[in-house]
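Single-structure report; data block below.
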Amino acid sequence: MTCDRIEDLLTAYADGELRPEERVAVERHIRACPACAGLLDSLRAADSALARFPEVEPPAALREKLYAIPALRKFRFGLDVLLRPALQPVLAAAAVMLTLFTFYFFSPAKGEINKAVSRQFHQGYSRIEKLYAKAGSLTDSLGGFADNVLVSLKKVNPLGKSDE
Amino acid sequence: MLVDLYSKKIFNMSYQFAGSFQEAEDLTQDIFVKLHHTLTKYDFGKNFTAWFLTLAKNHLIDEYRRTKWEKKQRDDFDEHVRTAAADDDPEHGLAEEENRKMLWAGLNVLANDMRMAIILKEIQGKTYEEVAEILGVPVGTVKSRINRGRLQLAKILRNRKERTHDL
């Protein structure tokens with residue numbers, strides 16, 4: 001057997017998985033070949049060292065971060081809901097309202113604002129009343145006009161004959 | 001809780017694969033964030049550990065491909081590992097520690113899929129079947145990768161011994 005062939009069989013030999021005739025052939029080669037014998041020793045040493053490879057403890061700070069992940073997700077979920085595009089006009093309107101209210105409540109001229117608002121309110125109210133009155137008189141005059149039209153229509157004889 | 005059960009396993013897997021303690025912290029955190037995102041997709045009929053380790057393996061290999069760790073140096077066989085080794089078996093001599101040191105550096109020479117198979121089977125002590133399930137490849141492929149990886153690591157140790165003899 002060549003060294004290349006022995007290399008192919010070496011891990012199976014170390015694991016005791018070779019057929020008896022192959023095992024004998026490998027052992028015969030190893031006795032005569034220091035390079036392959038050295039490789040077998042190294043393979044066994046590597047297997048042993050890997051099997052005894054120590055586990056390291058993760059840092060405590062990392063564990064804390066890992067514990068915080070579900071809470072972090074919930075917080076992000078809450079923010080995601082608030083920051084949905086559909087809610088942006090509502091949030092913008094709320095921000096404008098909040099600004100106006102803040103301006104009103106903390107303004108030194110709060111009394112004047114109140115008076116101005118009250119004056120505007122009353123002016124608006126009186127305008128609405130006037131408009132309402134005008135609308136009422138318009139309705140009356142339209143009603144009178146409609147009556148006149150009806151009376152005129154009754155007097156008109158489409159066949160040209162007169163009842164009289 | 002999942003953190004108690006799996007943080008050490010995932011951290012060690014990341015550390016052994018990436019070779020950097022700082023990198024392993026970031027990777028472990030990323031893997032747990034990914035777990036929380038994909039937990040709803042877990043099929044309760046499947047083995048959870050294998051499913052989670054597959055997720056971790058996929059993330060590690062994706063990051064490996066993206067950042068090409070093989071071009072970077074691994075951490076020295078640093079205090080974290082040495083301290084743990086001493087705690088595990090104080091009777092083990094300097095030669096064993098030297099072998100571990102060489103193998104630690106040697107892991108970087110292995111291809112990513114071979115390195116992952118070696119870590120799962122030889123270091124973490126999984127069976128061939130478990131490794132095959134995690135890697136999503138046939139058992140024969142796993143055996144072949146592991147045998148080639150072991151032989152490659154053995155050659156690294158042999159070459160070091162030969163160099164020591166020459167000196």
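How things are named: the first chain in the structure tokens is A, the next is B, and so on; residues count from 1 in each chain; ligands count from 1 in the order shown.
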
Contacts between range 21-38 of chain A and range 126-160 of chain B, please, where a residue of range 126-160 of chain B counts if it comes within 12 Å (with only C-alpha atoms); show its shortest atom pair and distance in Å to one decimal, rows by chain and ascending number, as CSV.
residue,atom,partner,partner_atom,distance
B:Leu151,CA,A:Cys36,CA,11.4
B:Ala154,CA,A:Gly38,CA,9.3
B:Lys155,CA,A:Gly38,CA,9.2
B:Ile156,CA,A:Gly38,CA,11.5
B:Leu157,CA,A:Gly38,CA,9.6
B:Arg158,CA,A:Gly38,CA,6.6
B:Asn159,CA,A:Gly38,CA,9.6
B:Arg160,CA,A:Gly38,CA,11.4

Where does DSSP see alpha helix (DSSP H) in range 8-143 of chain B, if you list the residues as an MDAnalysis selection string?
chainID B and resid 8:18 21:38 48:67 79:88 94:106 112:118 128:135 139:143

Report as a PDB file with N, CA and C atoms, in the first residue's frame all protein, DNA and RNA residues lying within 9 Å of Ala56 in chain B, evaluated on only C-alpha atoms, omitting residues in the same chain fewer than 2 positions from it.
ATOM      1  N   ILE B  10     -24.278  28.306  21.955  1.00  0.00           N
ATOM      2  CA  ILE B  10     -24.207  29.149  20.751  1.00  0.00           C
ATOM      3  C   ILE B  10     -22.961  30.036  20.799  1.00  0.00           C
ATOM      4  N   MET B  13     -19.966  27.870  19.993  1.00  0.00           N
ATOM      5  CA  MET B  13     -19.987  27.521  18.563  1.00  0.00           C
ATOM      6  C   MET B  13     -19.498  28.714  17.733  1.00  0.00           C
ATOM      7  N   SER B  14     -19.972  29.906  18.102  1.00  0.00           N
ATOM      8  CA  SER B  14     -19.577  31.120  17.373  1.00  0.00           C
ATOM      9  C   SER B  14     -18.095  31.411  17.581  1.00  0.00           C
ATOM     10  N   LEU B  27     -22.070  37.850  17.189  1.00  0.00           N
ATOM     11  CA  LEU B  27     -22.749  36.787  16.444  1.00  0.00           C
ATOM     12  C   LEU B  27     -23.823  36.118  17.298  1.00  0.00           C
ATOM     13  N   THR B  28     -23.488  35.866  18.579  1.00  0.00           N
ATOM     14  CA  THR B  28     -24.465  35.224  19.470  1.00  0.00           C
ATOM     15  C   THR B  28     -25.700  36.104  19.603  1.00  0.00           C
ATOM     16  N   ILE B  31     -27.725  35.929  16.468  1.00  0.00           N
ATOM     17  CA  ILE B  31     -28.412  34.634  16.335  1.00  0.00           C
ATOM     18  C   ILE B  31     -29.660  34.609  17.215  1.00  0.00           C
ATOM     19  N   PHE B  32     -29.570  35.143  18.421  1.00  0.00           N
ATOM     20  CA  PHE B  32     -30.746  35.157  19.312  1.00  0.00           C
ATOM     21  C   PHE B  32     -31.825  36.120  18.800  1.00  0.00           C
ATOM     22  N   LYS B  34     -32.330  36.715  15.658  1.00  0.00           N
ATOM     23  CA  LYS B  34     -32.903  35.948  14.548  1.00  0.00           C
ATOM     24  C   LYS B  34     -33.869  34.884  15.074  1.00  0.00           C
ATOM     25  N   LEU B  35     -33.464  34.245  16.174  1.00  0.00           N
ATOM     26  CA  LEU B  35     -34.328  33.212  16.780  1.00  0.00           C
ATOM     27  C   LEU B  35     -35.683  33.817  17.161  1.00  0.00           C
ATOM     28  N   TRP B  51     -32.930  22.354  15.079  1.00  0.00           N
ATOM     29  CA  TRP B  51     -33.473  23.491  14.310  1.00  0.00           C
ATOM     30  C   TRP B  51     -32.727  24.782  14.651  1.00  0.00           C
ATOM     31  N   PHE B  52     -32.502  24.996  15.941  1.00  0.00           N
ATOM     32  CA  PHE B  52     -31.835  26.223  16.389  1.00  0.00           C
ATOM     33  C   PHE B  52     -30.359  26.231  15.960  1.00  0.00           C
ATOM     34  N   LEU B  53     -29.706  25.072  16.094  1.00  0.00           N
ATOM     35  CA  LEU B  53     -28.295  25.004  15.687  1.00  0.00           C
ATOM     36  C   LEU B  53     -28.155  25.180  14.172  1.00  0.00           C
ATOM     37  N   THR B  54     -29.157  24.737  13.418  1.00  0.00           N
ATOM     38  CA  THR B  54     -29.131  24.956  11.962  1.00  0.00           C
ATOM     39  C   THR B  54     -29.224  26.451  11.671  1.00  0.00           C
ATOM     40  N   ASN B  58     -26.336  28.511   9.836  1.00  0.00           N
ATOM     41  CA  ASN B  58     -26.591  29.301   8.625  1.00  0.00           C
ATOM     42  C   ASN B  58     -26.119  30.743   8.807  1.00  0.00           C
ATOM     43  N   HIS B  59     -26.388  31.286   9.982  1.00  0.00           N
ATOM     44  CA  HIS B  59     -25.974  32.674  10.223  1.00  0.00           C
ATOM     45  C   HIS B  59     -24.446  32.785  10.221  1.00  0.00           C
ATOM     46  N   LEU B  60     -23.785  31.838  10.887  1.00  0.00           N
ATOM     47  CA  LEU B  60     -22.319  31.890  10.962  1.00  0.00           C
ATOM     48  C   LEU B  60     -21.692  31.769   9.571  1.00  0.00           C
ATOM     49  N   ILE B  61     -22.218  30.855   8.769  1.00  0.00           N
ATOM     50  CA  ILE B  61     -21.630  30.655   7.438  1.00  0.00           C
ATOM     51  C   ILE B  61     -21.951  31.844   6.529  1.00  0.00           C
TER      52      ILE B  61
END

Give the residues of chain B that lie within 8 Å of chain A; count only C-alpha atoms, and format the answer as number ranges by chain.
B: 3, 7-8, 11-12, 25, 29, 32-33, 36, 80-81, 84-85, 88, 96, 99-100, 103, 122-125, 147, 150-151, 153-155, 157-158

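Coordinates place CA of Ile146 in chain B at a distance of 6.4 Å from CA of Met114 in chain B.
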
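Rounded to one decimal, CA of Gln73 in chain B and CA of Lys143 in chain B lie 27.8 Å from each other.
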
Ala132 in chain B: which residues within 8 Å, counting only C-alpha atoms, same-chain residues fewer than 6 positions away excluded, as a list in words?
Pro138, Val139 and Val142 of chain B
